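Some notes on the structure that comes next.
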Amino acid sequence: MSAVAEQKLTANGLAHHVIRWGDRPVDVVLCHGLLDIGWSFDAVARDLVAAGHGVASFDWRGHGQTEWTGAGGYYHFPDYILDLDELLPQLSDQPVHLVGHSMGGPACVMYAAARPEKLRSLALVEGLGPPELEPRDPATRLRAWLDGVAKVRGKTSKPMDSERTVLRRMRVQNPELSEELALFLASKSTKAVDGGLQWTFDPLHKTWAPRPFQADVFGKLLEAISAPTLVVAGERGFRLQDEQERMAKLEHHRFVEIPDVGHMIHWFEPHALAAELTSFFADHGP
């Protein structure tokens with residue numbers, strides 16, 4: 001059984017919840033996606049430790065046990081990058097293998113483009129960014145953001161009455177989720193409040209961002225990445241029409257498709273994912 005420790009580290013003014021697996025110096029950092037938590041990499045991390053790595057993960061701002069942005073704040077992608085820039089030196093004084101899943105993928109892309117000297121390698125797990133979603137018109141998008149924020153701030157969420165209710169809600173998106181894993185994730189991603197349980201993520205994460213995703217701008221970031229990059233997709237995952245075009249912008253990359261799994265590869269095929277990461281890291285050590 002791998003040794004596991006938790007701590008709080010301040011980055012960009014916010015206390016970040018950090019999890020470390022193993023006794024070795026950290027050389028792998030795992031970055032979760034939207035509405036997920038660092039603990040969701042537990043099985044992947046344990047396999048990586050068994051392969052000889054020191055592993056850390058953390059909850060992004062407004063997720064899990066990391067602080068919310070606070071009054072008057074919002075969650076813009078550059079905020080995540082600044083958080084990461086201040087967090088990584090506290091985890092390791094050497095370049096790391098950086099892994100991003102889903103929303104964590106674009107965040108890691110941005111960081112890798114800006115701070116190439118900080119990485120040994122980059123892995124994007126279902127993390128090549130979203131499609132260009134509607135509304136694209138800037139004024140319409142801003143109205144959607146303003147209306148969404150106002151709705152969230154004017155709404156009082158009713159607590160969930162039990163972990164079983166949490167489990168049922170989690171299975172709406174992932175019906176194949178096992179009871180064991182669901183209850184583990186539920187215990188780490190909810191908090192006790194009067195009347196039951198609430199999610200630990202800030203509800204503002206469920207609003208439209210004020211700026212639409214721009215594939216051409218994201219492509220420039222992909223082109224700026226010099227670190228060797230592993231792209232991992234699930235056979236039934238969130239696949240993009242321009243997937244090949246985006247990957248072609250990466251100077252040095254390897255593509256792996258894991259069969260018979262959807263978007264949440266680290267939940268449902270953690271051992272297969274860890275094996276691919278281990279092999280890739282071995283080629284880009286030390």
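So you can find residues: chains in the structure tokens are A, B, ... in the order shown, residues in each start at 1, and ligands are numbered from 1 in order.
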
- Query: Please, which residues of stretch 216-248 of chain A, numbered as in this document, come out strand (DSSP E or B) from DSSP, as a PyMOL selection string?
  - Reply: chain A and resi 229-234

Which residues of stretch 82-102 of chain A sit at most 6 Å from stretch 109-126 of chain A, using only C-alpha atoms? Give each one's shortest atom pair and distance in Å (one decimal place), in chain and ascending residue order, as JSON lines.
{"residue": "A:Pro95", "atom": "CA", "partner": "A:Lys118", "partner_atom": "CA", "distance": 4.5}
{"residue": "A:Val96", "atom": "CA", "partner": "A:Leu119", "partner_atom": "CA", "distance": 4.9}
{"residue": "A:His97", "atom": "CA", "partner": "A:Ser121", "partner_atom": "CA", "distance": 4.8}
{"residue": "A:Leu98", "atom": "CA", "partner": "A:Leu122", "partner_atom": "CA", "distance": 4.9}
{"residue": "A:Val99", "atom": "CA", "partner": "A:Ala123", "partner_atom": "CA", "distance": 4.6}
{"residue": "A:Gly100", "atom": "CA", "partner": "A:Leu124", "partner_atom": "CA", "distance": 5.2}
{"residue": "A:His101", "atom": "CA", "partner": "A:Val125", "partner_atom": "CA", "distance": 4.6}
{"residue": "A:Ser102", "atom": "CA", "partner": "A:Glu126", "partner_atom": "CA", "distance": 5.2}

N, CA and C atoms of the current selection, written as a short mmCIF file (atom, residue, chain, number, x, y, z; two decimals), in the first residue's frame:
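After the write, selection-v4.cif holds the following:
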data_model
loop_
_atom_site.label_atom_id
_atom_site.label_comp_id
_atom_site.auth_asym_id
_atom_site.auth_seq_id
_atom_site.Cartn_x
_atom_site.Cartn_y
_atom_site.Cartn_z
N PRO A 95 12.04 19.65 -13.03
CA PRO A 95 10.94 19.52 -14.00
C PRO A 95 10.13 18.25 -13.75
N VAL A 96 8.84 18.30 -14.04
CA VAL A 96 7.94 17.19 -13.74
C VAL A 96 7.26 16.68 -14.99
N HIS A 97 6.70 15.49 -14.87
CA HIS A 97 5.77 14.96 -15.86
C HIS A 97 4.39 15.51 -15.48
N LEU A 98 3.81 16.33 -16.33
CA LEU A 98 2.54 16.99 -16.02
C LEU A 98 1.42 16.30 -16.78
N VAL A 99 0.37 15.90 -16.07
CA VAL A 99 -0.74 15.15 -16.66
C VAL A 99 -2.03 15.92 -16.42
N GLY A 100 -2.79 16.17 -17.49
CA GLY A 100 -4.06 16.88 -17.36
C GLY A 100 -5.20 16.10 -17.96
N HIS A 101 -6.28 15.94 -17.20
CA HIS A 101 -7.48 15.28 -17.71
C HIS A 101 -8.57 16.31 -17.99
N SER A 102 -9.25 16.18 -19.12
CA SER A 102 -10.40 17.01 -19.47
C SER A 102 -10.04 18.49 -19.35
#

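Taking only C-alpha atoms, the non-local environment of A:Asp42 within 9 Å (same-chain residues fewer than 6 positions away omitted) comprises A:Trp21, A:His266, A:Pro270.
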
Go ahead and dump the residues you just picked, C-alpha atoms, as a short mmCIF file (atom, residue, chain, number, x, y, z; two decimals), in the first residue's frame.
data_model
loop_
_atom_site.label_atom_id
_atom_site.label_comp_id
_atom_site.auth_asym_id
_atom_site.auth_seq_id
_atom_site.Cartn_x
_atom_site.Cartn_y
_atom_site.Cartn_z
CA TRP A 21 1.51 9.31 -2.93
CA HIS A 266 -8.82 7.48 -14.80
CA PRO A 270 -6.87 3.45 -14.14
#

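Remark: for A:Glu132, the closest of the candidate residues A:Ala15, A:Leu88, A:Ala150, A:Val217 is A:Val217 (distances computed over only C-alpha atoms).
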
- Task: Mind checking which residues fall within 8 Å of stretch 151-154 of chain A, counting only C-alpha atoms, ignoring those fewer than 6 positions away in the same chain, and posting them as a VMD selection string?
- Result: chain A and resid 203 to 204 207

Selected residues written out with N, CA and C atoms, as a PDB file, in the first residue's frame:
ATOM      1  N   PRO A 203     -20.474  26.486  -7.286  1.00  0.00           N
ATOM      2  CA  PRO A 203     -21.473  26.413  -8.364  1.00  0.00           C
ATOM      3  C   PRO A 203     -21.180  27.334  -9.550  1.00  0.00           C
ATOM      4  N   LEU A 204     -20.323  28.325  -9.361  1.00  0.00           N
ATOM      5  CA  LEU A 204     -19.979  29.195 -10.496  1.00  0.00           C
ATOM      6  C   LEU A 204     -19.312  28.422 -11.629  1.00  0.00           C
ATOM      7  N   THR A 207     -21.438  27.721 -14.813  1.00  0.00           N
ATOM      8  CA  THR A 207     -21.896  28.800 -15.687  1.00  0.00           C
ATOM      9  C   THR A 207     -21.034  28.855 -16.944  1.00  0.00           C
TER      10      THR A 207
END

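With atom CA of A:Arg211 on one side and atom CA of A:His263 on the other, the separation reads 24.1 Å.
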
- Task: Do a neighbour search on stretch 46-52 of chain A at 12 Å with only C-alpha atoms, toss out local chain neighbours closer than 5 positions, and write the hits as JSON, numbers by chain.
- Result: {"A": [1, 2, 3, 4, 19, 20, 21, 22, 23, 24, 25, 26, 27, 28, 29, 30, 39, 40, 41, 57, 97, 266, 269, 270, 271, 272, 273, 274, 275, 276, 277, 278, 279, 280, 281, 282, 285, 286]}

- Message: Taking the DSSP secondary structure from the backbone, can you list the residues of stretch 204-252 of chain A that are alpha helix (DSSP H), as an NGL selection string?
- Response: :A and (215-223 or 243-248)
